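S.K.: Input structure: model_36.cif, which contains mmCIF, C-alpha atoms.
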data_structure
loop_
_atom_site.label_atom_id
_atom_site.label_comp_id
_atom_site.auth_asym_id
_atom_site.auth_seq_id
_atom_site.Cartn_x
_atom_site.Cartn_y
_atom_site.Cartn_z
CA MET A 1 0.00 0.00 0.00
CA GLU A 2 1.29 3.44 -0.91
CA LYS A 3 1.04 5.88 1.97
CA THR A 4 -0.71 9.20 1.56
CA GLN A 5 -0.21 12.23 3.79
CA TYR A 6 -3.33 12.43 5.97
CA ILE A 7 -6.05 10.23 7.47
CA TRP A 8 -9.34 11.62 8.75
CA LEU A 9 -9.80 10.35 12.31
CA ASP A 10 -12.72 11.28 14.56
CA GLY A 11 -13.37 14.60 12.84
CA GLN A 12 -9.90 15.87 12.04
CA PHE A 13 -7.02 15.13 9.70
CA VAL A 14 -3.88 13.67 11.25
CA PRO A 15 -0.62 12.59 9.61
CA TRP A 16 -0.72 9.02 8.28
CA ASP A 17 1.73 7.61 10.84
CA GLN A 18 -0.10 9.28 13.75
CA ALA A 19 -3.48 7.67 12.95
CA GLN A 20 -3.11 5.08 15.70
CA VAL A 21 -5.39 3.26 18.15
CA HIS A 22 -4.82 1.45 21.43
CA VAL A 23 -4.04 -2.28 21.41
CA LEU A 24 -7.19 -2.84 23.50
CA THR A 25 -9.45 -1.34 20.85
CA HIS A 26 -12.65 -3.41 21.11
CA THR A 27 -13.07 -4.02 17.37
CA LEU A 28 -9.51 -5.30 17.10
CA HIS A 29 -10.43 -8.10 19.53
CA TYR A 30 -14.03 -8.90 18.58
CA GLY A 31 -14.64 -7.63 15.03
CA LEU A 32 -17.69 -5.46 15.73
CA GLY A 33 -17.31 -2.69 13.19
CA VAL A 34 -18.32 -1.70 9.68
CA PHE A 35 -16.49 -0.32 6.67
CA GLU A 36 -16.82 0.68 3.05
CA GLY A 37 -14.66 0.57 -0.06
CA ILE A 38 -15.15 3.45 -2.49
CA ARG A 39 -13.36 4.38 -5.72
CA CYS A 40 -12.33 7.77 -7.01
CA TYR A 41 -11.58 8.06 -10.73
CA GLU A 42 -9.77 10.64 -12.80
CA GLY A 43 -12.09 11.98 -15.45
CA THR A 44 -11.28 11.64 -19.13
CA LYS A 45 -11.52 15.43 -19.49
CA GLY A 46 -9.88 16.17 -16.16
CA GLY A 47 -11.21 16.37 -12.65
CA ALA A 48 -11.69 13.61 -10.10
CA TRP A 49 -14.96 11.80 -9.47
CA ILE A 50 -16.04 9.62 -6.56
CA PHE A 51 -18.29 6.80 -7.76
CA ARG A 52 -21.67 6.51 -6.01
CA LEU A 53 -20.49 8.15 -2.80
CA PRO A 54 -23.98 8.72 -1.26
CA GLU A 55 -24.92 5.07 -1.85
CA HIS A 56 -21.74 3.87 -0.14
CA ILE A 57 -22.26 6.12 2.86
CA GLU A 58 -25.91 5.04 3.08
CA ARG A 59 -24.72 1.41 3.21
CA LEU A 60 -22.14 2.31 5.86
CA PHE A 61 -24.87 3.74 8.08
CA SER A 62 -27.20 0.82 7.31
CA SER A 63 -24.48 -1.66 8.26
CA ALA A 64 -23.89 0.20 11.52
CA HIS A 65 -27.63 0.22 12.24
CA ILE A 66 -27.85 -3.54 11.71
CA LEU A 67 -25.06 -4.05 14.26
CA GLY A 68 -26.54 -1.56 16.73
CA ILE A 69 -23.74 1.00 16.28
CA GLU A 70 -24.60 4.70 16.25
CA ILE A 71 -22.16 6.68 14.13
CA PRO A 72 -21.35 9.97 15.92
CA PHE A 73 -21.31 12.04 12.71
CA PRO A 74 -24.10 12.83 10.23
CA ARG A 75 -23.95 11.30 6.76
CA SER A 76 -23.20 14.69 5.24
CA ALA A 77 -20.06 15.02 7.39
CA ILE A 78 -18.77 11.57 6.36
CA GLU A 79 -19.43 12.30 2.67
CA ALA A 80 -17.64 15.65 2.96
CA ALA A 81 -14.70 14.01 4.75
CA CYS A 82 -14.36 11.45 1.93
CA VAL A 83 -14.20 14.23 -0.65
CA GLU A 84 -11.76 16.28 1.40
CA SER A 85 -9.58 13.20 2.01
CA ILE A 86 -9.00 12.87 -1.72
CA ARG A 87 -8.43 16.61 -2.08
CA ILE A 88 -6.05 17.12 0.86
CA ASN A 89 -3.95 14.13 -0.22
CA ARG A 90 -3.81 15.49 -3.78
CA LEU A 91 -5.06 12.31 -5.42
CA ARG A 92 -6.71 12.22 -8.84
CA ALA A 93 -7.75 8.59 -8.47
CA GLY A 94 -7.66 6.09 -5.64
CA TYR A 95 -9.44 4.03 -3.02
CA ILE A 96 -11.38 5.41 -0.05
CA ARG A 97 -11.81 3.34 3.13
CA PRO A 98 -14.24 4.63 5.78
CA LEU A 99 -14.08 2.51 8.96
CA VAL A 100 -16.39 2.65 11.98
CA PHE A 101 -15.14 0.82 15.06
CA LEU A 102 -15.46 0.59 18.82
CA GLY A 103 -12.53 2.06 20.72
CA ASP A 104 -10.86 0.96 23.93
CA GLY A 105 -12.55 1.00 27.34
CA GLU A 106 -14.33 -2.06 28.63
CA MET A 107 -13.53 -5.53 27.37
CA GLY A 108 -15.83 -8.49 26.86
CA LEU A 109 -18.36 -9.48 24.23
CA ALA A 110 -21.16 -7.26 25.51
CA ALA A 111 -19.01 -4.21 26.26
CA VAL A 112 -20.64 -2.15 23.55
CA GLN A 113 -20.63 1.20 25.37
CA ASN A 114 -17.08 2.00 24.27
CA PRO A 115 -16.66 5.15 22.14
CA VAL A 116 -17.57 4.78 18.48
CA ARG A 117 -14.69 5.98 16.34
CA VAL A 118 -14.53 6.78 12.64
CA ALA A 119 -11.55 6.81 10.30
CA ILE A 120 -11.26 7.55 6.58
CA ALA A 121 -8.08 6.62 4.72
CA VAL A 122 -7.32 7.04 1.01
CA TRP A 123 -4.54 5.67 -1.15
CA PRO A 124 -3.70 4.98 -4.81
CA TRP A 125 -4.88 1.55 -5.91
CA GLY A 126 -4.94 0.01 -9.35
CA ALA A 127 -6.63 -3.17 -10.55
CA TYR A 128 -7.41 -5.35 -7.52
CA LEU A 129 -6.65 -8.64 -9.30
CA GLY A 130 -4.02 -7.18 -11.60
CA ASP A 131 -4.09 -5.66 -15.06
CA GLU A 132 -3.63 -9.10 -16.64
CA GLY A 133 -6.72 -10.35 -14.82
CA VAL A 134 -8.79 -7.44 -16.08
CA ARG A 135 -7.64 -8.02 -19.67
CA HIS A 136 -7.55 -11.81 -19.88
CA GLY A 137 -9.67 -13.06 -16.98
CA VAL A 138 -8.93 -14.72 -13.65
CA ARG A 139 -9.13 -18.28 -12.32
CA LEU A 140 -11.61 -19.22 -9.58
CA LYS A 141 -11.69 -22.14 -7.17
CA THR A 142 -14.86 -23.25 -5.42
CA SER A 143 -14.17 -22.75 -1.74
CA SER A 144 -14.60 -25.38 0.95
CA PHE A 145 -15.88 -22.52 3.14
CA GLN A 146 -19.56 -21.71 2.69
CA ARG A 147 -21.00 -18.21 2.65
CA MET A 148 -22.70 -17.54 5.98
CA HIS A 149 -26.34 -18.42 6.58
CA VAL A 150 -28.57 -15.37 7.02
CA ASN A 151 -29.21 -16.30 10.67
CA THR A 152 -25.54 -16.90 11.41
CA PHE A 153 -24.23 -13.49 10.42
CA MET A 154 -25.99 -10.34 9.27
CA THR A 155 -25.33 -10.70 5.56
CA LYS A 156 -26.61 -7.22 4.63
CA ALA A 157 -24.01 -5.56 6.87
CA LYS A 158 -20.54 -4.89 5.52
CA ALA A 159 -19.19 -5.89 8.91
CA VAL A 160 -15.54 -6.21 9.88
CA GLY A 161 -15.92 -9.66 11.46
CA ASN A 162 -17.82 -11.11 8.51
CA TYR A 163 -14.65 -10.94 6.44
CA VAL A 164 -12.93 -13.74 8.34
CA ASN A 165 -15.10 -16.01 6.19
CA SER A 166 -13.85 -14.25 3.05
CA ILE A 167 -10.21 -14.27 4.16
CA LEU A 168 -10.22 -18.02 4.77
CA ALA A 169 -11.71 -18.62 1.33
CA ALA A 170 -9.32 -16.24 -0.43
CA ILE A 171 -6.22 -17.70 1.22
CA GLU A 172 -7.34 -21.24 0.41
CA ALA A 173 -7.81 -20.33 -3.27
CA ARG A 174 -4.48 -18.56 -3.57
CA LYS A 175 -2.59 -21.39 -1.87
CA ALA A 176 -4.09 -23.73 -4.45
CA GLY A 177 -2.77 -21.50 -7.25
CA TYR A 178 -6.00 -19.69 -8.12
CA ASP A 179 -6.73 -15.96 -8.19
CA GLU A 180 -9.96 -15.90 -6.22
CA ALA A 181 -12.53 -18.07 -4.45
CA MET A 182 -16.08 -18.80 -5.58
CA MET A 183 -18.30 -19.38 -2.54
CA LEU A 184 -21.48 -21.40 -2.25
CA ASP A 185 -24.33 -20.76 0.15
CA THR A 186 -25.39 -23.24 2.83
CA GLU A 187 -27.74 -24.95 0.33
CA GLY A 188 -25.01 -25.45 -2.25
CA PHE A 189 -25.92 -22.70 -4.71
CA VAL A 190 -23.40 -20.15 -5.95
CA ALA A 191 -23.42 -17.08 -3.70
CA GLU A 192 -20.51 -14.78 -4.54
CA CYS A 193 -16.73 -14.61 -4.46
CA SER A 194 -14.72 -13.73 -1.37
CA GLY A 195 -15.04 -10.02 -2.08
CA GLU A 196 -17.06 -9.69 -5.28
CA ASN A 197 -20.50 -10.39 -6.68
CA LEU A 198 -20.63 -12.98 -9.48
CA PHE A 199 -22.44 -13.03 -12.83
CA ILE A 200 -22.69 -15.69 -15.52
CA VAL A 201 -23.81 -15.37 -19.14
CA ARG A 202 -25.55 -18.33 -20.74
CA ARG A 203 -27.45 -18.34 -24.04
CA GLY A 204 -27.51 -14.56 -24.11
CA VAL A 205 -28.99 -14.16 -20.62
CA VAL A 206 -27.02 -12.75 -17.71
CA LYS A 207 -27.68 -14.32 -14.29
CA THR A 208 -26.59 -13.24 -10.82
CA PRO A 209 -27.59 -14.74 -7.46
CA PRO A 210 -30.41 -12.97 -5.58
CA LEU A 211 -29.66 -10.94 -2.47
CA THR A 212 -30.28 -13.69 0.05
CA SER A 213 -26.87 -14.53 1.48
CA VAL A 214 -24.79 -11.99 -0.46
CA LEU A 215 -23.87 -8.38 0.14
CA GLU A 216 -25.88 -5.75 -1.72
CA GLY A 217 -23.05 -4.72 -4.00
CA ILE A 218 -23.16 -1.16 -5.27
CA THR A 219 -21.16 -2.05 -8.37
CA ARG A 220 -23.51 -5.03 -8.78
CA ALA A 221 -26.53 -2.69 -8.80
CA SER A 222 -24.77 -0.35 -11.23
CA VAL A 223 -23.97 -3.22 -13.59
CA LEU A 224 -27.59 -4.39 -13.58
CA THR A 225 -28.63 -0.88 -14.63
CA LEU A 226 -25.96 -0.71 -17.34
CA LEU A 227 -26.88 -4.14 -18.73
CA ASP A 228 -30.51 -3.03 -18.99
CA SER A 229 -29.45 0.10 -20.89
CA MET A 230 -27.43 -2.14 -23.22
CA ALA A 231 -30.57 -4.22 -23.93
CA VAL A 232 -29.02 -7.30 -22.32
CA ARG A 233 -31.51 -9.48 -20.47
CA CYS A 234 -30.47 -10.02 -16.86
CA VAL A 235 -32.17 -12.05 -14.11
CA GLU A 236 -31.51 -12.50 -10.41
CA GLU A 237 -31.71 -16.26 -10.07
CA ARG A 238 -30.02 -19.07 -8.18
CA PHE A 239 -27.64 -21.27 -10.12
CA THR A 240 -25.28 -24.13 -9.34
CA ARG A 241 -21.54 -24.38 -9.78
CA ASP A 242 -21.93 -26.74 -12.75
CA GLU A 243 -24.08 -24.16 -14.53
CA ALA A 244 -21.21 -21.73 -14.03
CA TYR A 245 -18.87 -24.32 -15.58
CA ILE A 246 -20.92 -24.40 -18.80
CA ALA A 247 -21.61 -20.67 -18.97
CA ASP A 248 -20.52 -18.76 -22.07
CA GLU A 249 -19.06 -15.99 -19.92
CA VAL A 250 -18.49 -15.32 -16.21
CA PHE A 251 -17.46 -12.05 -14.59
CA MET A 252 -17.18 -10.52 -11.13
CA THR A 253 -18.08 -7.05 -9.93
CA GLY A 254 -17.04 -4.99 -6.94
CA THR A 255 -15.57 -1.64 -5.96
CA ALA A 256 -12.06 -3.09 -5.89
CA ALA A 257 -12.51 -5.58 -8.76
CA GLU A 258 -14.71 -3.26 -10.89
CA VAL A 259 -15.68 -5.61 -13.78
CA THR A 260 -13.24 -8.53 -13.90
CA PRO A 261 -13.68 -11.45 -16.35
CA VAL A 262 -13.35 -15.08 -15.24
CA ARG A 263 -11.64 -17.45 -17.65
CA GLU A 264 -11.59 -20.64 -15.56
CA ILE A 265 -13.41 -22.23 -12.60
CA ASP A 266 -12.06 -25.35 -10.88
CA GLY A 267 -9.79 -26.19 -13.80
CA ARG A 268 -12.58 -25.85 -16.38
CA LEU A 269 -12.34 -23.20 -19.09
CA ILE A 270 -15.28 -20.81 -19.32
CA GLY A 271 -16.40 -20.49 -22.94
CA SER A 272 -13.33 -19.98 -25.11
CA GLY A 273 -11.19 -19.22 -22.08
CA MET A 274 -11.16 -15.52 -22.97
CA PRO A 275 -13.44 -12.65 -21.87
CA GLY A 276 -16.65 -12.75 -23.91
CA PRO A 277 -18.43 -9.99 -25.84
CA ILE A 278 -20.91 -9.03 -23.13
CA THR A 279 -18.17 -8.80 -20.51
CA ARG A 280 -15.97 -6.72 -22.81
CA ALA A 281 -18.80 -4.36 -23.73
CA LEU A 282 -19.72 -3.99 -20.06
CA GLN A 283 -16.11 -3.21 -19.10
CA GLU A 284 -15.96 -0.46 -21.73
CA ARG A 285 -19.31 0.98 -20.68
CA PHE A 286 -18.41 0.92 -17.00
CA ARG A 287 -15.07 2.64 -17.63
CA ALA A 288 -16.77 5.38 -19.65
CA VAL A 289 -19.33 5.93 -16.89
CA VAL A 290 -16.87 6.21 -13.99
CA CYS A 291 -14.65 8.58 -15.97
CA GLY A 292 -17.55 10.97 -16.53
CA GLU A 293 -18.02 10.34 -20.24
CA VAL A 294 -21.71 9.35 -20.08
CA GLU A 295 -24.01 12.22 -19.22
CA GLN A 296 -26.87 9.83 -18.38
CA TYR A 297 -24.93 8.56 -15.35
CA ARG A 298 -23.18 11.71 -14.18
CA HIS A 299 -25.49 11.71 -11.15
CA TRP A 300 -23.52 8.66 -9.94
CA LEU A 301 -20.39 10.81 -9.65
CA THR A 302 -19.43 13.23 -6.89
CA PRO A 303 -16.87 15.78 -8.06
CA VAL A 304 -13.78 16.35 -5.92
CA ASP A 305 -12.69 19.63 -7.55
#
Once more with this new file: its structure as structure tokens, please.

M.R.:
Amino acid sequence: MEKTQYIWLDGQFVPWDQAQVHVLTHTLHYGLGVFEGIRCYEGTKGGAWIFRLPEHIERLFSSAHILGIEIPFPRSAIEAACVESIRINRLRAGYIRPLVFLGDGEMGLAAVQNPVRVAIAVWPWGAYLGDEGVRHGVRLKTSSFQRMHVNTFMTKAKAVGNYVNSILAAIEARKAGYDEAMMLDTEGFVAECSGENLFIVRRGVVKTPPLTSVLEGITRASVLTLLDSMAVRCVEERFTRDEAYIADEVFMTGTAAEVTPVREIDGRLIGSGMPGPITRALQERFRAVVCGEVEQYRHWLTPVD
């Protein structure tokens, strides 16, 4: 990770190396916290644009509400701090990470009266799974770890502790020589990847799992809208891993991954083993939108300058 100059912490900017917390910070021990991942893009004609900032901050507050955490700042203040974090660090493009966590004080599982703290860090970040993955597609492995049942964890919250499940799956896949993990739900249907939503294309129809045990991805929602505008039929429907094997195309979406093609799952080539026409067209459309080239979707962009 490339350091930037300042991090916003509890209402003020502090130098990167001074943005520290105590070792007894509650969330460090027990995982009760929420976060977001947001992208800022440099516009084709100049300027910097944050993609769907209000939607990300709405999800941050929704996640906190699900976990019973009250964020001590209004949404407008968090949005403004995200914009100013990009500006004060003089970035034209990068990643924004708001984090809400419980500070030090009492210990124990039910010690939830500790102060609620908020941090926002930004840094330059390119393609999450590498430029080669974006161009040629990545390899997935079906994980031995299932996505959590809806009554085991709160699946609509982007919660800190939930990501232990994702980390175990991602490490397992990478140790086996794959780029990413494909995760099934507790009934054996495809859910999502360790940090991305998943789509397949079969016989001209795009499918993605319904929002039962998966996070409500903001890039996922954007892609559904873009596919509709491209006159591509898309349905939210359960499917099995073997249907993914015989799909014509597979791709993942997420703030970090953006639109990343999948060329192989569990040693089986997807289609021709190269990104397909719908995936390619979607990548081009998405890139144009986030760089401010499509007037129809400029309302998705928050200007930094």

S.K.: Starting from the PyMOL selection byres ((chain A and resi 302-305) around 6), expand the selection into actual residues of this file and give them as a PyMOL selection string.

M.R.: chain A and resi 48-50+83+301

S.K.: Expressed in Å to a single decimal, how great is the separation between CA of Gly195 in chain A and CA of Arg174 in chain A?

M.R.: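 Interatomic distance here is 13.7 Å.
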
S.K.: Starting from the PyMOL selection byres ((chain A and resi 134) around 9), expand the selection into actual residues of this file and give them as a PyMOL selection string.

M.R.: chain A and resi 127-133+135-138+257-262+283

S.K.: Find the spatial neighbours of Phe286 in chain A, counting only C-alpha atoms, within a cut-off of 9 Å - ignore same-chain residues fewer than 3 positions away - and output them as a ChimeraX atom specification.

M.R.: /A:222-223,226,258-259,281-283,289-291

S.K.: How would you write, as a PyMOL selection string, the residues chosen by the PyMOL selection byres ((chain A and resi 71-74) around 9) on this structure?

M.R.: chain A and resi 10-11+61+64-65+69-70+75-79+100+116-118

S.K.: One number please: CA of Cys234 in chain A to CA of Val206 in chain A, in Å, one decimal.

M.R.: 4.5 Å

S.K.: Please provide the set of residues having any atom within 8 Å of Leu91 in chain A, restricted to all atoms listed in the file, with same-chain residues fewer than 3 positions apart removed, written as a PyMOL selection string.

M.R.: chain A and resi 86-88+94+123-124

S.K.: Please report as JSON lines every residue of range 208-273 of chain A lying within 12 Å of range 180-185 of chain A, along with the nearest atom pair and their distance in Å (one decimal), using all atoms listed in the file.

M.R.:
{"residue": "A:Pro209", "atom": "CA", "partner": "A:Asp185", "partner_atom": "CA", "distance": 10.2}
{"residue": "A:Pro210", "atom": "CA", "partner": "A:Asp185", "partner_atom": "CA", "distance": 11.4}
{"residue": "A:Leu211", "atom": "CA", "partner": "A:Asp185", "partner_atom": "CA", "distance": 11.5}
{"residue": "A:Thr212", "atom": "CA", "partner": "A:Asp185", "partner_atom": "CA", "distance": 9.2}
{"residue": "A:Ser213", "atom": "CA", "partner": "A:Asp185", "partner_atom": "CA", "distance": 6.9}
{"residue": "A:Val214", "atom": "CA", "partner": "A:Asp185", "partner_atom": "CA", "distance": 8.8}
{"residue": "A:Arg238", "atom": "CA", "partner": "A:Asp185", "partner_atom": "CA", "distance": 10.2}
{"residue": "A:Phe239", "atom": "CA", "partner": "A:Leu184", "partner_atom": "CA", "distance": 10.0}
{"residue": "A:Thr240", "atom": "CA", "partner": "A:Leu184", "partner_atom": "CA", "distance": 8.5}
{"residue": "A:Arg241", "atom": "CA", "partner": "A:Leu184", "partner_atom": "CA", "distance": 8.1}
{"residue": "A:Asp242", "atom": "CA", "partner": "A:Leu184", "partner_atom": "CA", "distance": 11.8}
{"residue": "A:Ala244", "atom": "CA", "partner": "A:Met182", "partner_atom": "CA", "distance": 10.3}
{"residue": "A:Tyr245", "atom": "CA", "partner": "A:Met182", "partner_atom": "CA", "distance": 11.8}
{"residue": "A:Val250", "atom": "CA", "partner": "A:Met182", "partner_atom": "CA", "distance": 11.4}
{"residue": "A:Phe251", "atom": "CA", "partner": "A:Met182", "partner_atom": "CA", "distance": 11.3}
{"residue": "A:Met252", "atom": "CA", "partner": "A:Met182", "partner_atom": "CA", "distance": 10.0}
{"residue": "A:Ala257", "atom": "CA", "partner": "A:Glu180", "partner_atom": "CA", "distance": 10.9}
{"residue": "A:Thr260", "atom": "CA", "partner": "A:Glu180", "partner_atom": "CA", "distance": 11.1}
{"residue": "A:Pro261", "atom": "CA", "partner": "A:Glu180", "partner_atom": "CA", "distance": 11.7}
{"residue": "A:Val262", "atom": "CA", "partner": "A:Glu180", "partner_atom": "CA", "distance": 9.7}
{"residue": "A:Arg263", "atom": "CA", "partner": "A:Glu180", "partner_atom": "CA", "distance": 11.7}
{"residue": "A:Glu264", "atom": "CA", "partner": "A:Glu180", "partner_atom": "CA", "distance": 10.6}
{"residue": "A:Ile265", "atom": "CA", "partner": "A:Met182", "partner_atom": "CA", "distance": 8.3}
{"residue": "A:Asp266", "atom": "CA", "partner": "A:Met182", "partner_atom": "CA", "distance": 9.3}

S.K.: Suppose you want the space between CA of Tyr41 in chain A and CA of Ala256 in chain A; what is it in Å?

M.R.: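 It comes out at 12.2 Å.
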
S.K.: Taking 5 positions as the minimum chain separation for residues in the same chain, which residues sit within 8 Å of Trp8 in chain A when counting only C-alpha atoms? Answer as a ChimeraX atom specification.

M.R.: /A:13-14,81,85,119-121

S.K.: Could you tell me, as a list in words, which residues have any atom at most 10 Å from (-15.4, -20.0, 9.1), counting only C-alpha atoms?

M.R.: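 Residues lying no farther than 10 Å from the given point: Ser144, Phe145, Gln146, Arg147, Met148, Asn162, Tyr163, Val164, Asn165, Ser166, Ile167, Leu168 and Ala169 of chain A.
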
S.K.: Write the residues of the selection above to a file with C-alpha atoms, as an mmCIF file, in the coordinates of the input.

M.R.:
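File written: selection06.cif
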data_model
loop_
_atom_site.group_PDB
_atom_site.id
_atom_site.type_symbol
_atom_site.label_atom_id
_atom_site.label_comp_id
_atom_site.auth_asym_id
_atom_site.auth_seq_id
_atom_site.Cartn_x
_atom_site.Cartn_y
_atom_site.Cartn_z
ATOM 1 C CA SER A 144 -14.600 -25.380 0.950
ATOM 2 C CA PHE A 145 -15.880 -22.520 3.140
ATOM 3 C CA GLN A 146 -19.560 -21.710 2.690
ATOM 4 C CA ARG A 147 -21.000 -18.210 2.650
ATOM 5 C CA MET A 148 -22.700 -17.540 5.980
ATOM 6 C CA ASN A 162 -17.820 -11.110 8.510
ATOM 7 C CA TYR A 163 -14.650 -10.940 6.440
ATOM 8 C CA VAL A 164 -12.930 -13.740 8.340
ATOM 9 C CA ASN A 165 -15.100 -16.010 6.190
ATOM 10 C CA SER A 166 -13.850 -14.250 3.050
ATOM 11 C CA ILE A 167 -10.210 -14.270 4.160
ATOM 12 C CA LEU A 168 -10.220 -18.020 4.770
ATOM 13 C CA ALA A 169 -11.710 -18.620 1.330
#

S.K.: Which of these residues is nearest to Phe51 in chain A, using all atoms listed in the file: A:Ile270, A:Leu109, A:Leu102, A:Ile218?

M.R.: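 The closest residue to Phe51 in chain A is A:Ile218.
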
S.K.: With all atoms listed in the file as the basis for distance, which of A:Leu60, A:Val205, A:Met274, A:Leu215 is at the shortest distance from Cys193 in chain A?

M.R.: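 Checking each of A:Leu60, A:Val205, A:Met274, A:Leu215 against Cys193 in chain A, counting all atoms listed in the file, the winner is A:Leu215.
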
S.K.: (-22.9, -5.0, -26.7) in this file's frame - what residues fall within 7 Å of it? Use only C-alpha atoms and give the answer as a VMD selection string.

M.R.: chain A and resid 230 277 to 278 281

S.K.: Between A:Lys207, A:Arg139, A:Lys3, A:Arg220, which one has atoms that come closest to Arg233 in chain A, using only C-alpha atoms?

M.R.: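 Ranked by minimum distance to Arg233 in chain A, first place goes to A:Lys207.
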
S.K.: Could you check the closest approach to Thr219 in chain A for each of A:Asp104, A:Glu55, A:Glu187, A:Glu172 and tell me which residue wins, using all atoms listed in the file?

M.R.: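 Checking each candidate against Thr219 in chain A, we get A:Glu55 as the closest.
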
S.K.: Could you work out an axis-aligned box for range 251-263 of chain A, taking every atom the file lists and adding 6 Å on each side, and report centre and edge lengths in Å to one decimal, as AutoDock Vina command-line options?

M.R.:
--center_x -14.9 --center_y -9.5 --center_z -11.8 --size_x 18.4 --size_y 27.8 --size_z 23.8

S.K.: Measuring between all atoms listed in the file, which one of A:Pro54, A:Gly31, A:Gly37, A:Gly188 shows the shortest distance to Gly103 in chain A?

M.R.: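 Among the listed residues, A:Gly31 lies closest to Gly103 in chain A.
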